[in-house]
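Asks: Pasting my_file-v4.tsv here (TSV, C-alpha atoms and all ligand atoms):
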chain	number	residue	atom	x	y	z
A	1	MET	CA	0.00	0.00	0.00
A	2	GLY	CA	1.43	3.41	-0.97
A	3	ALA	CA	1.86	6.38	1.38
A	4	SER	CA	-1.23	8.05	-0.09
A	5	GLU	CA	-3.45	5.00	0.42
A	6	VAL	CA	-5.66	3.90	3.24
A	7	ASP	CA	-8.00	0.91	3.76
A	8	LEU	CA	-11.43	1.45	5.33
A	9	THR	CA	-14.11	-1.17	6.04
A	10	VAL	CA	-17.78	-0.65	5.12
A	11	TYR	CA	-20.10	-1.11	8.14
A	12	PRO	CA	-23.85	-1.94	8.07
A	13	ASP	CA	-24.79	1.35	9.74
A	14	GLU	CA	-23.35	3.20	6.72
A	15	CYS	CA	-25.63	1.37	4.26
A	16	ASP	CA	-29.14	1.98	2.91
A	17	ALA	CA	-32.18	-0.34	2.94
A	18	PHE	CA	-30.70	-2.33	0.03
A	19	GLY	CA	-27.47	-2.89	1.95
A	20	HIS	CA	-25.45	-0.55	-0.33
A	21	LEU	CA	-23.01	1.98	1.05
A	22	ASN	CA	-25.07	5.16	1.14
A	23	GLN	CA	-23.89	8.16	-0.89
A	24	ALA	CA	-23.67	10.38	2.21
A	25	SER	CA	-21.48	7.72	3.84
A	26	PHE	CA	-19.25	7.74	0.76
A	27	LEU	CA	-18.59	11.42	1.43
A	28	SER	CA	-17.61	10.64	5.03
A	29	LEU	CA	-15.35	7.79	3.97
A	30	PHE	CA	-13.59	9.97	1.41
A	31	GLU	CA	-13.10	12.56	4.15
A	32	ARG	CA	-11.93	9.93	6.67
A	33	ALA	CA	-9.41	8.64	4.12
A	34	ARG	CA	-7.97	12.14	3.63
A	35	TRP	CA	-7.50	12.67	7.37
A	36	GLU	CA	-6.03	9.18	7.89
A	37	VAL	CA	-3.45	9.83	5.20
A	38	LEU	CA	-2.56	13.18	6.76
A	39	ALA	CA	-2.32	11.50	10.17
A	40	HIS	CA	0.28	9.06	8.80
A	41	GLY	CA	2.13	11.82	6.94
A	42	PRO	CA	2.51	15.50	7.80
A	43	GLY	CA	0.04	15.23	10.73
A	44	MET	CA	-3.66	16.00	11.08
A	45	ASP	CA	-2.72	19.46	12.33
A	46	VAL	CA	-0.82	20.35	9.14
A	47	PHE	CA	-3.45	22.96	8.26
A	48	SER	CA	-3.90	24.45	11.72
A	49	ARG	CA	-0.08	24.73	12.05
A	50	ALA	CA	-0.12	26.92	8.94
A	51	GLY	CA	-3.26	28.80	10.01
A	52	ALA	CA	-4.91	27.72	6.74
A	53	TRP	CA	-8.18	25.78	6.79
A	54	PRO	CA	-9.15	23.72	3.69
A	55	ALA	CA	-12.73	24.68	2.76
A	56	VAL	CA	-14.39	22.44	0.16
A	57	ARG	CA	-15.50	24.50	-2.87
A	58	LYS	CA	-16.59	21.76	-5.23
A	59	THR	CA	-17.25	18.03	-5.03
A	60	THR	CA	-17.70	15.66	-7.97
A	61	ILE	CA	-18.28	11.95	-7.35
A	62	ASP	CA	-18.81	9.15	-9.87
A	63	TYR	CA	-20.23	5.97	-8.38
A	64	HIS	CA	-19.21	2.93	-10.42
A	65	LEU	CA	-20.20	-0.11	-8.34
A	66	ALA	CA	-22.06	-0.75	-5.07
A	67	ALA	CA	-20.03	-1.33	-1.89
A	68	LEU	CA	-21.47	-3.73	0.70
A	69	PRO	CA	-21.00	-4.27	4.46
A	70	GLY	CA	-17.71	-6.02	5.11
A	71	ASP	CA	-16.07	-4.78	1.90
A	72	VAL	CA	-12.66	-3.30	2.54
A	73	LEU	CA	-12.15	-0.28	0.32
A	74	ARG	CA	-8.72	0.98	-0.60
A	75	PHE	CA	-8.76	4.77	-0.95
A	76	HIS	CA	-6.06	6.37	-3.07
A	77	GLN	CA	-5.41	10.10	-2.80
A	78	ALA	CA	-3.56	12.25	-5.38
A	79	LEU	CA	-3.24	15.98	-5.87
A	80	THR	CA	-4.12	16.88	-9.44
A	81	HIS	CA	-3.65	20.63	-9.10
A	82	VAL	CA	-2.00	22.91	-6.58
A	83	GLY	CA	-2.59	26.61	-7.09
A	84	ARG	CA	-1.62	29.48	-4.81
A	85	THR	CA	-4.62	29.25	-2.48
A	86	SER	CA	-6.51	26.25	-3.84
A	87	PHE	CA	-5.82	22.62	-4.56
A	88	THR	CA	-7.68	19.71	-6.15
A	89	MET	CA	-7.54	16.18	-4.80
A	90	ARG	CA	-8.63	13.16	-6.80
A	91	GLN	CA	-9.60	10.11	-4.73
A	92	THR	CA	-10.47	6.63	-5.88
A	93	ALA	CA	-12.06	3.86	-3.84
A	94	ARG	CA	-11.38	0.30	-5.00
A	95	ARG	CA	-12.55	-2.97	-3.45
A	96	ARG	CA	-9.39	-4.45	-2.00
A	97	ALA	CA	-10.42	-8.06	-2.73
A	98	ASP	CA	-10.49	-7.69	-6.54
A	99	ASP	CA	-9.33	-4.12	-7.25
A	100	ALA	CA	-12.77	-3.24	-8.72
A	101	LEU	CA	-13.29	0.52	-9.04
A	102	ILE	CA	-16.14	1.55	-6.73
A	103	ALA	CA	-16.09	5.35	-6.85
A	104	THR	CA	-13.98	8.25	-8.09
A	105	ALA	CA	-14.17	11.68	-6.51
A	106	GLU	CA	-12.63	15.07	-7.05
A	107	PHE	CA	-12.59	17.73	-4.34
A	108	VAL	CA	-11.56	21.33	-4.90
A	109	PHE	CA	-10.39	23.09	-1.73
A	110	VAL	CA	-9.62	26.72	-1.00
A	111	CYS	CA	-7.39	27.44	1.99
A	112	ILE	CA	-8.86	30.19	4.17
A	113	ASN	CA	-7.70	31.93	7.34
A	114	ARG	CA	-9.77	32.59	10.47
A	115	GLU	CA	-11.34	35.62	8.80
A	116	GLY	CA	-12.45	33.43	5.88
A	117	ARG	CA	-9.95	35.00	3.42
A	118	PRO	CA	-8.04	32.80	0.93
A	119	ILE	CA	-4.40	32.19	1.94
A	120	PRO	CA	-1.58	30.07	0.43
A	121	VAL	CA	-1.78	26.28	0.47
A	122	PRO	CA	0.71	24.92	3.07
A	123	THR	CA	3.78	23.75	1.13
A	124	GLU	CA	3.86	20.46	3.07
A	125	ILE	CA	0.58	19.44	1.42
A	126	GLY	CA	1.92	19.66	-2.12
A	127	SER	CA	5.19	17.95	-1.26
A	128	TYR	CA	3.59	15.11	0.73
A	129	PHE	CA	1.04	14.03	-1.87
A	130	THR	CA	3.25	14.47	-4.95
A	131	PRO	CA	6.78	13.75	-3.74
A	132	GLY	CA	9.30	14.80	-6.37
A	133	GLN	CA	6.55	15.37	-8.91
A	134	ALA	CA	5.69	19.03	-8.62
A	135	ASP	CA	5.60	19.84	-12.31
A	136	ASP	CA	4.36	23.09	-13.78
A	137	ALA	CA	4.13	21.44	-17.20
A	138	ILE	CA	1.01	19.54	-16.10
A	139	GLN	CA	-2.04	21.74	-15.76
A	140	ARG	CA	-5.75	21.31	-15.40
A	141	ILE	CA	-7.65	23.19	-18.06
A	142	THR	CA	-11.44	23.35	-18.13
A	143	VAL	CA	-12.82	22.98	-21.63
A	144	ARG	CA	-16.53	22.83	-22.39
A	145	GLY	CA	-17.30	22.20	-18.71
A	146	VAL	CA	-14.83	19.32	-18.31
A	147	SER	CA	-11.52	19.58	-16.50
A	148	LEU	CA	-8.71	18.05	-18.59
A	149	ALA	CA	-5.19	17.17	-17.41
A	150	VAL	CA	-2.79	18.59	-20.01
A	151	GLU	CA	0.98	18.48	-20.31
A	152	THR	CA	2.63	21.23	-22.37
A	153	ARG	CA	6.36	21.55	-22.95
A	154	GLY	CA	8.70	23.50	-25.20
A	155	SER	CA	8.05	26.34	-27.59
A	156	GLY	CA	7.66	26.70	-31.34
A	157	PRO	CA	4.99	25.43	-33.73
A	158	ALA	CA	2.49	23.30	-31.81
A	159	VAL	CA	2.15	19.52	-32.03
A	160	LEU	CA	-0.96	18.05	-30.41
A	161	PHE	CA	-0.61	14.43	-29.25
A	162	ILE	CA	-3.83	12.40	-29.07
A	163	HIS	CA	-3.64	9.10	-27.19
A	164	GLY	CA	-5.61	5.92	-27.89
A	165	TYR	CA	-7.94	3.67	-25.91
A	166	PRO	CA	-7.87	2.85	-22.98
A	167	LEU	CA	-4.74	4.88	-22.42
A	168	ASP	CA	-3.62	8.36	-21.38
A	169	ARG	CA	-1.20	11.14	-22.32
A	170	THR	CA	1.76	9.35	-20.68
A	171	ILE	CA	2.14	7.08	-23.73
A	172	TRP	CA	3.78	10.18	-25.30
A	173	GLN	CA	6.15	10.72	-22.34
A	174	HIS	CA	9.34	10.44	-24.41
A	175	GLN	CA	8.07	12.49	-27.37
A	176	VAL	CA	6.75	15.25	-25.08
A	177	ALA	CA	10.07	15.36	-23.21
A	178	HIS	CA	12.39	15.21	-26.22
A	179	LEU	CA	10.81	16.49	-29.44
A	180	GLU	CA	12.93	19.62	-29.77
A	181	GLY	CA	11.81	22.82	-31.51
A	182	PHE	CA	8.06	22.42	-30.98
A	183	ARG	CA	5.44	23.21	-28.37
A	184	ARG	CA	4.29	19.72	-27.35
A	185	ILE	CA	0.73	19.48	-26.06
A	186	ALA	CA	-0.53	16.18	-24.62
A	187	PRO	CA	-3.96	16.11	-22.98
A	188	ASP	CA	-5.71	13.22	-21.25
A	189	LEU	CA	-8.94	12.89	-23.24
A	190	ARG	CA	-12.14	13.26	-21.23
A	191	GLY	CA	-12.87	9.99	-19.42
A	192	MET	CA	-9.24	8.84	-19.36
A	193	GLY	CA	-6.07	9.46	-17.36
A	194	ARG	CA	-6.49	12.27	-14.86
A	195	SER	CA	-9.17	14.17	-16.78
A	196	ASP	CA	-12.78	14.32	-15.63
A	197	ALA	CA	-14.95	11.41	-16.66
A	198	PRO	CA	-18.54	12.55	-17.20
A	199	ASP	CA	-21.11	9.76	-17.41
A	200	LEU	CA	-22.52	10.60	-20.83
A	201	GLY	CA	-21.94	12.61	-23.99
A	202	TYR	CA	-18.97	10.84	-25.59
A	203	SER	CA	-18.48	10.82	-29.38
A	204	MET	CA	-15.68	11.51	-31.84
A	205	ALA	CA	-17.18	14.98	-32.29
A	206	THR	CA	-17.03	15.60	-28.53
A	207	TYR	CA	-13.37	14.60	-28.32
A	208	ALA	CA	-12.51	16.69	-31.41
A	209	ASP	CA	-14.34	19.76	-30.10
A	210	ASP	CA	-12.67	19.36	-26.68
A	211	LEU	CA	-9.31	19.51	-28.46
A	212	ALA	CA	-10.31	22.57	-30.50
A	213	GLY	CA	-11.46	24.24	-27.25
A	214	LEU	CA	-8.17	23.33	-25.60
A	215	LEU	CA	-6.18	24.90	-28.45
A	216	GLU	CA	-8.21	28.06	-28.04
A	217	VAL	CA	-7.36	28.23	-24.33
A	218	LEU	CA	-3.69	27.62	-25.14
A	219	GLY	CA	-3.73	30.29	-27.86
A	220	GLU	CA	-2.80	27.95	-30.73
A	221	GLU	CA	-4.45	28.70	-34.08
A	222	SER	CA	-3.18	25.63	-35.89
A	223	VAL	CA	-1.25	22.45	-35.06
A	224	VAL	CA	0.29	19.27	-36.32
A	225	LEU	CA	-2.02	16.50	-35.06
A	226	CYS	CA	-0.39	13.26	-33.96
A	227	GLY	CA	-2.99	10.60	-33.17
A	228	LEU	CA	-2.45	7.01	-32.15
A	229	SER	CA	-5.18	4.48	-32.95
A	230	MET	CA	-8.36	5.99	-31.42
A	231	GLY	CA	-6.36	9.23	-31.40
A	232	GLY	CA	-6.20	8.86	-35.21
A	233	TYR	CA	-9.98	8.40	-35.40
A	234	ILE	CA	-10.29	11.64	-33.41
A	235	ALA	CA	-7.79	13.36	-35.72
A	236	PHE	CA	-10.00	12.48	-38.71
A	237	GLU	CA	-13.04	13.95	-36.96
A	238	PHE	CA	-11.00	17.05	-36.06
A	239	LEU	CA	-10.10	17.41	-39.77
A	240	ARG	CA	-13.77	17.18	-40.69
A	241	ARG	CA	-14.82	19.81	-38.13
A	242	HIS	CA	-11.80	22.13	-37.92
A	243	PRO	CA	-9.86	21.64	-41.19
A	244	ASP	CA	-8.19	25.07	-41.10
A	245	ARG	CA	-6.54	24.35	-37.79
A	246	VAL	CA	-4.48	21.39	-39.08
A	247	ARG	CA	-1.01	22.13	-40.51
A	248	GLY	CA	0.22	18.57	-40.64
A	249	LEU	CA	-0.84	15.08	-39.60
A	250	VAL	CA	0.74	11.98	-38.08
A	251	LEU	CA	-1.43	8.86	-38.20
A	252	MET	CA	0.04	6.20	-35.93
A	253	ASP	CA	-1.23	2.61	-35.77
A	254	THR	CA	-4.65	3.75	-36.90
A	255	LYS	CA	-7.05	3.35	-39.81
A	256	ALA	CA	-9.62	5.36	-41.76
A	257	GLU	CA	-12.32	2.66	-41.96
A	258	ALA	CA	-15.32	2.62	-39.63
A	259	ASP	CA	-16.07	-0.48	-37.52
A	260	PRO	CA	-17.66	-3.31	-39.54
A	261	PRO	CA	-20.88	-4.85	-38.06
A	262	GLU	CA	-18.96	-7.56	-36.14
A	263	GLY	CA	-16.54	-4.91	-34.79
A	264	ARG	CA	-19.48	-2.84	-33.52
A	265	LYS	CA	-20.83	-5.91	-31.70
A	266	ALA	CA	-17.39	-6.53	-30.19
A	267	ARG	CA	-17.41	-2.99	-28.68
A	268	ASP	CA	-20.69	-3.76	-26.86
A	269	ALA	CA	-19.38	-7.15	-25.74
A	270	GLN	CA	-16.25	-5.54	-24.33
A	271	LEU	CA	-18.29	-3.03	-22.36
A	272	ALA	CA	-20.50	-5.83	-20.97
A	273	MET	CA	-17.33	-7.66	-19.88
A	274	VAL	CA	-16.01	-4.56	-18.09
A	275	ARG	CA	-19.33	-4.07	-16.30
A	276	GLU	CA	-19.47	-7.73	-15.25
A	277	SER	CA	-15.85	-8.51	-14.49
A	278	GLY	CA	-14.20	-5.14	-13.87
A	279	VAL	CA	-11.40	-3.21	-15.50
A	280	ALA	CA	-8.83	-5.85	-14.47
A	281	ALA	CA	-10.43	-8.28	-16.96
A	282	LEU	CA	-10.01	-5.65	-19.69
A	283	ALA	CA	-6.35	-5.19	-18.78
A	284	ASP	CA	-5.82	-8.99	-18.89
A	285	GLN	CA	-7.38	-9.10	-22.35
A	286	MET	CA	-5.70	-6.04	-23.85
A	287	VAL	CA	-2.14	-5.83	-22.52
A	288	PRO	CA	-0.83	-8.86	-24.47
A	289	LYS	CA	-2.52	-7.64	-27.68
A	290	LEU	CA	-1.19	-4.11	-27.50
A	291	LEU	CA	2.51	-4.87	-27.04
A	292	ALA	CA	4.99	-6.68	-29.27
A	293	PRO	CA	6.17	-10.07	-27.93
A	294	GLY	CA	8.99	-9.69	-25.42
A	295	ALA	CA	8.02	-6.17	-24.30
A	296	ALA	CA	10.02	-4.86	-21.32
A	297	ALA	CA	8.49	-5.65	-17.91
A	298	GLY	CA	8.39	-1.93	-17.07
A	299	THR	CA	6.35	-1.18	-20.20
A	300	VAL	CA	3.91	-4.01	-19.40
A	301	ALA	CA	3.46	-2.71	-15.83
A	302	GLN	CA	3.01	0.91	-16.98
A	303	LEU	CA	0.39	-0.10	-19.54
A	304	ARG	CA	-1.54	-2.29	-17.09
A	305	ALA	CA	-1.62	0.48	-14.48
A	306	MET	CA	-2.84	2.95	-17.13
A	307	ILE	CA	-5.74	0.68	-18.14
A	308	LEU	CA	-6.67	-0.07	-14.50
A	309	ALA	CA	-6.85	3.66	-13.73
A	310	THR	CA	-9.38	4.35	-16.52
A	311	PRO	CA	-12.84	5.14	-15.08
A	312	VAL	CA	-15.68	2.93	-16.36
A	313	PRO	CA	-17.68	5.90	-17.78
A	314	GLY	CA	-14.60	6.86	-19.81
A	315	LEU	CA	-14.22	3.29	-21.12
A	316	ALA	CA	-17.91	3.09	-21.99
A	317	GLY	CA	-17.80	6.49	-23.69
A	318	ALA	CA	-14.74	5.63	-25.79
A	319	LEU	CA	-16.21	2.27	-26.83
A	320	SER	CA	-19.45	3.86	-28.01
A	321	ALA	CA	-17.59	6.70	-29.76
A	322	MET	CA	-15.39	4.20	-31.64
A	323	ARG	CA	-18.38	1.95	-32.46
A	324	ASP	CA	-20.33	4.85	-33.97
A	325	ARG	CA	-17.50	6.65	-35.77
A	326	ALA	CA	-17.80	7.64	-39.42
A	327	ASP	CA	-15.78	6.14	-42.24
A	328	SER	CA	-12.96	8.60	-42.98
A	329	ARG	CA	-11.68	7.14	-46.28
A	330	VAL	CA	-13.38	9.92	-48.20
A	331	LEU	CA	-11.04	12.43	-46.50
A	332	LEU	CA	-7.82	10.76	-47.62
A	333	PRO	CA	-7.37	12.26	-51.13
A	334	GLU	CA	-7.92	15.76	-49.69
A	335	LEU	CA	-5.01	15.31	-47.29
A	336	ALA	CA	-2.65	16.08	-50.18
A	337	ARG	CA	-2.86	19.71	-48.99
A	338	ILE	CA	-0.82	19.01	-45.79
A	339	PRO	CA	2.28	16.95	-44.91
A	340	VAL	CA	1.23	13.51	-43.64
A	341	LEU	CA	3.24	10.78	-41.93
A	342	VAL	CA	1.83	7.29	-41.40
A	343	VAL	CA	3.57	5.26	-38.66
A	344	SER	CA	3.11	1.61	-37.70
A	345	GLY	CA	4.70	-0.77	-35.22
A	346	GLU	CA	6.07	-3.69	-37.26
A	347	ALA	CA	4.35	-6.20	-34.93
A	348	ASP	CA	1.05	-4.35	-34.43
A	349	ALA	CA	-1.51	-7.11	-33.79
A	350	VAL	CA	-4.46	-4.68	-33.53
A	351	ILE	CA	-4.02	-2.70	-36.77
A	352	PRO	CA	-1.47	-4.59	-38.90
A	353	VAL	CA	1.27	-2.98	-41.00
A	354	SER	CA	-0.65	-3.87	-44.19
A	355	VAL	CA	-3.40	-1.43	-43.09
A	356	ALA	CA	-0.81	1.32	-42.55
A	357	GLU	CA	0.68	0.63	-46.00
A	358	ALA	CA	-2.76	0.93	-47.63
A	359	LEU	CA	-3.46	4.12	-45.66
A	360	ALA	CA	-0.19	5.74	-46.76
A	361	GLU	CA	-0.88	4.64	-50.34
A	362	ALA	CA	-4.31	6.33	-50.29
A	363	ILE	CA	-2.95	9.72	-49.12
A	364	PRO	CA	-1.12	11.54	-51.91
A	365	GLY	CA	2.43	12.39	-50.85
A	366	ALA	CA	2.23	10.63	-47.44
A	367	HIS	CA	5.40	9.15	-45.92
A	368	LEU	CA	5.40	5.77	-44.16
A	369	GLU	CA	7.63	4.77	-41.23
A	370	ILE	CA	7.65	1.26	-39.77
A	371	ILE	CA	9.00	1.08	-36.21
A	372	GLY	CA	10.94	-2.16	-35.59
A	373	GLY	CA	10.35	-4.02	-32.32
A	374	ALA	CA	7.03	-2.26	-31.61
A	375	GLY	CA	3.46	-3.51	-31.50
A	376	HIS	CA	0.41	-1.21	-31.33
A	377	LEU	CA	2.15	1.35	-29.09
A	378	PRO	CA	5.43	2.52	-30.69
A	379	PRO	CA	5.74	5.70	-28.56
A	380	MET	CA	5.93	3.53	-25.40
A	381	GLU	CA	7.61	0.44	-26.78
A	382	GLN	CA	10.29	2.10	-28.92
A	383	PRO	CA	10.28	5.66	-27.63
A	384	GLU	CA	13.61	6.83	-29.09
A	385	ALA	CA	12.89	5.44	-32.57
A	386	THR	CA	9.39	6.97	-32.54
A	387	THR	CA	10.63	10.39	-31.45
A	388	ALA	CA	13.35	10.23	-34.12
A	389	ALA	CA	10.74	9.39	-36.81
A	390	LEU	CA	8.64	12.38	-35.73
A	391	GLN	CA	11.68	14.65	-35.65
A	392	ARG	CA	12.60	13.59	-39.25
A	393	PHE	CA	9.06	14.32	-40.43
A	394	LEU	CA	8.74	17.66	-38.66
A	395	ASN	CA	12.28	18.91	-39.46
A	396	PRO	CA	12.97	17.43	-42.90
B	401	LIG	C1	-6.79	2.07	-29.56
B	401	LIG	O1	-5.63	1.67	-29.37
B	401	LIG	O2	-7.09	3.25	-29.50
B	401	LIG	C2	-7.84	1.02	-29.88
B	401	LIG	O3	-7.28	-0.24	-29.84
B	401	LIG	C3	-8.45	1.28	-31.22
B	401	LIG	C4	-9.57	0.35	-31.55
B	401	LIG	O4	-9.97	-0.49	-30.73
B	401	LIG	O5	-10.12	0.46	-32.68
Could you take the file, read its structure, and then write that structure out as structure tokens?
Ligand code: MLT

Replies:
Amino acid sequence: MGASEVDLTVYPDECDAFGHLNQASFLSLFERARWEVLAHGPGMDVFSRAGAWPAVRKTTIDYHLAALPGDVLRFHQALTHVGRTSFTMRQTARRRADDALIATAEFVFVCINREGRPIPVPTEIGSYFTPGQADDAIQRITVRGVSLAVETRGSGPAVLFIHGYPLDRTIWQHQVAHLEGFRRIAPDLRGMGRSDAPDLGYSMATYADDLAGLLEVLGEESVVLCGLSMGGYIAFEFLRRHPDRVRGLVLMDTKAEADPPEGRKARDAQLAMVRESGVAALADQMVPKLLAPGAAAGTVAQLRAMILATPVPGLAGALSAMRDRADSRVLLPELARIPVLVVSGEADAVIPVSVAEALAEAIPGAHLEIIGGAGHLPPMEQPEATTAALQRFLNP
């Protein structure tokens, strides 16, 4: 159990007539977990020592599964934003027995003094919950009512990285750290990573408009889009809706075709499996398919943790968005107007190299790069080679 984790048992007196943990009790358990973690770390009096009281300004909770008397819930606490006087804490409650995600909550606090005026967040809070990770490059930006976690680094023409399913922006870790000469922007899409996960409203158009809204906030008129797999499907939708904002395009381990009828059924079957057996079953099914044989143990562990952290509403939303996406083949001839790079892992078992070859063939003037030793996720599996391929394309 990590330093920011605490186990709490569900008692019958916290449950409703159906024997489910009551939503008001959830609030108390989230609060208890926060105090327990402080008690084991900087001390429960960390706020009073600094004369700064944390007042809750906003609470958002997603309930995923019922919790029953006797269940032991593991609460995980992480700071997702620390401002001058406010901070945001994301908490998850998982059933310890099988790691099933029970609830996800986000609390926004403002530190106030005895007169009720905002005052700085005690420094011990930031350093305890995010040891060694205070990083100004990761911000929370609210776009169209949803708070997105976004990493931005460097300066120059902007490149927008769009991750796939069920992943997050950290698949682009190496490219965002090392692609010199560009402003690298990597958001967690709504419903994935550390972004908010609303229950409803997911579609390719929603993701594309979120990204356009994000670019507006960041003051970027136009970008090179770099989308992996589902990120490529979103890039196509972005091109349909915001064509003037795209200066160049990287299509990585993706395809232009819509789902065939059997593929659409498979999306629904996968969602039913997640609802019945939990996100761990999805991770068991997907991790071996996504990586090339012999992937490094660290990459396997990073990918598994990423999938396990994806909230169920985000998974459901992405599955329905992919199931209902339009066929984008009609767009391909028009892409002659911008530079396009098609990339594929040589051992991609999800979208094989032959699909990438046909895609590059259908786009006039497109370049094709095959990344040796990679499966469906070249930026994670062969990070240096993938960054080098992007650098060659962007700085010919
Ligand atoms: C992805 O990596 O985004 C998905 O595997 C794409 C898909 O399932 O079509």

Asks: Please determine an axis-aligned box that encloses all atoms of ligand LIG 401 (chain B) listed in the file, with 4 Å added on each side, and express its centre and edge lengths in Å to one decimal as JSON.

Replies:
{"center_x": -7.9, "center_y": 1.4, "center_z": -31.0, "size_x": 12.5, "size_y": 11.7, "size_z": 11.3}

Asks: Calculated over all atoms listed in the file, which of the candidates A:Asp210, A:Glu14, A:Asp45, A:Asp244 has the smallest distance to A:Ser222?

Replies: A:Asp244

Asks: Throw together the list of residues within 6 Å of ligand LIG 401 (chain B), counting only C-alpha atoms and all ligand atoms, and drop it here as a PDB file with C-alpha atoms, keeping the file's coordinate frame.

Replies:
ATOM      1  CA  GLY A 164      -5.610   5.920 -27.890  1.00  0.00           C
ATOM      2  CA  TYR A 165      -7.940   3.670 -25.910  1.00  0.00           C
ATOM      3  CA  SER A 229      -5.180   4.480 -32.950  1.00  0.00           C
ATOM      4  CA  MET A 230      -8.360   5.990 -31.420  1.00  0.00           C
TER       5      MET A 230
END

Asks: In terms of the shortest atom-to-atom distance over only C-alpha atoms, which of A:Ala33, A:Ala280, A:Ala309, A:Met286 is closest to A:Asp98?

Replies: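 The answer is A:Ala280, which sits nearest to A:Asp98.
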
Asks: For A:Lys58, find every residue with an atom within 10 Å (counting all atoms listed in the file), except residues of its own chain fewer than 2 positions away, and show them as a PyMOL selection string.

Replies: chain A and resi 55-56+60+88+106-110

Asks: Counting all atoms listed in the file, figure out which residue out of A:Ile371, A:Val72, A:Val340, A:Leu303 gets nearest to A:Val353.

Replies: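 Looking at the shortest contact to A:Val353, the residue is A:Ile371.
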
Asks: When you draw a straight line from atom CA of A:Leu38 to atom CA of A:Asp99, how long is it in Å?

Replies: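 About the pair atom CA of A:Leu38 and atom CA of A:Asp99: they are 23.3 Å apart.
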
Asks: Between A:Gly298, A:Leu290, A:Pro54, A:Phe18, which residue has the minimum interatomic distance to A:Gly116, considering only C-alpha atoms?

Replies: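 The shortest atom-to-atom distance to A:Gly116 comes from A:Pro54.
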
Asks: Would you pick out the contacts of stretch 138-148 of chain A at 8 Å or less, using only C-alpha atoms, so that residues sharing its chain but fewer than 5 positions from it are not included, and give the list as a ChimeraX atom specification?

Replies: /A:80-81,187-190,194-196,198,210,213-214

Asks: Which residue, A:Phe182, A:Trp172, A:Phe161, A:Trp35, has the smallest gap to A:Ala235 when you use all atoms listed in the file?

Replies: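 Of all the options, A:Phe161 lies closest to A:Ala235.
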
Asks: Which one is closest to A:Leu101: A:Ala321, A:Leu29, A:Ala356, A:Val312? Count all atoms listed in the file.

Replies: A:Val312
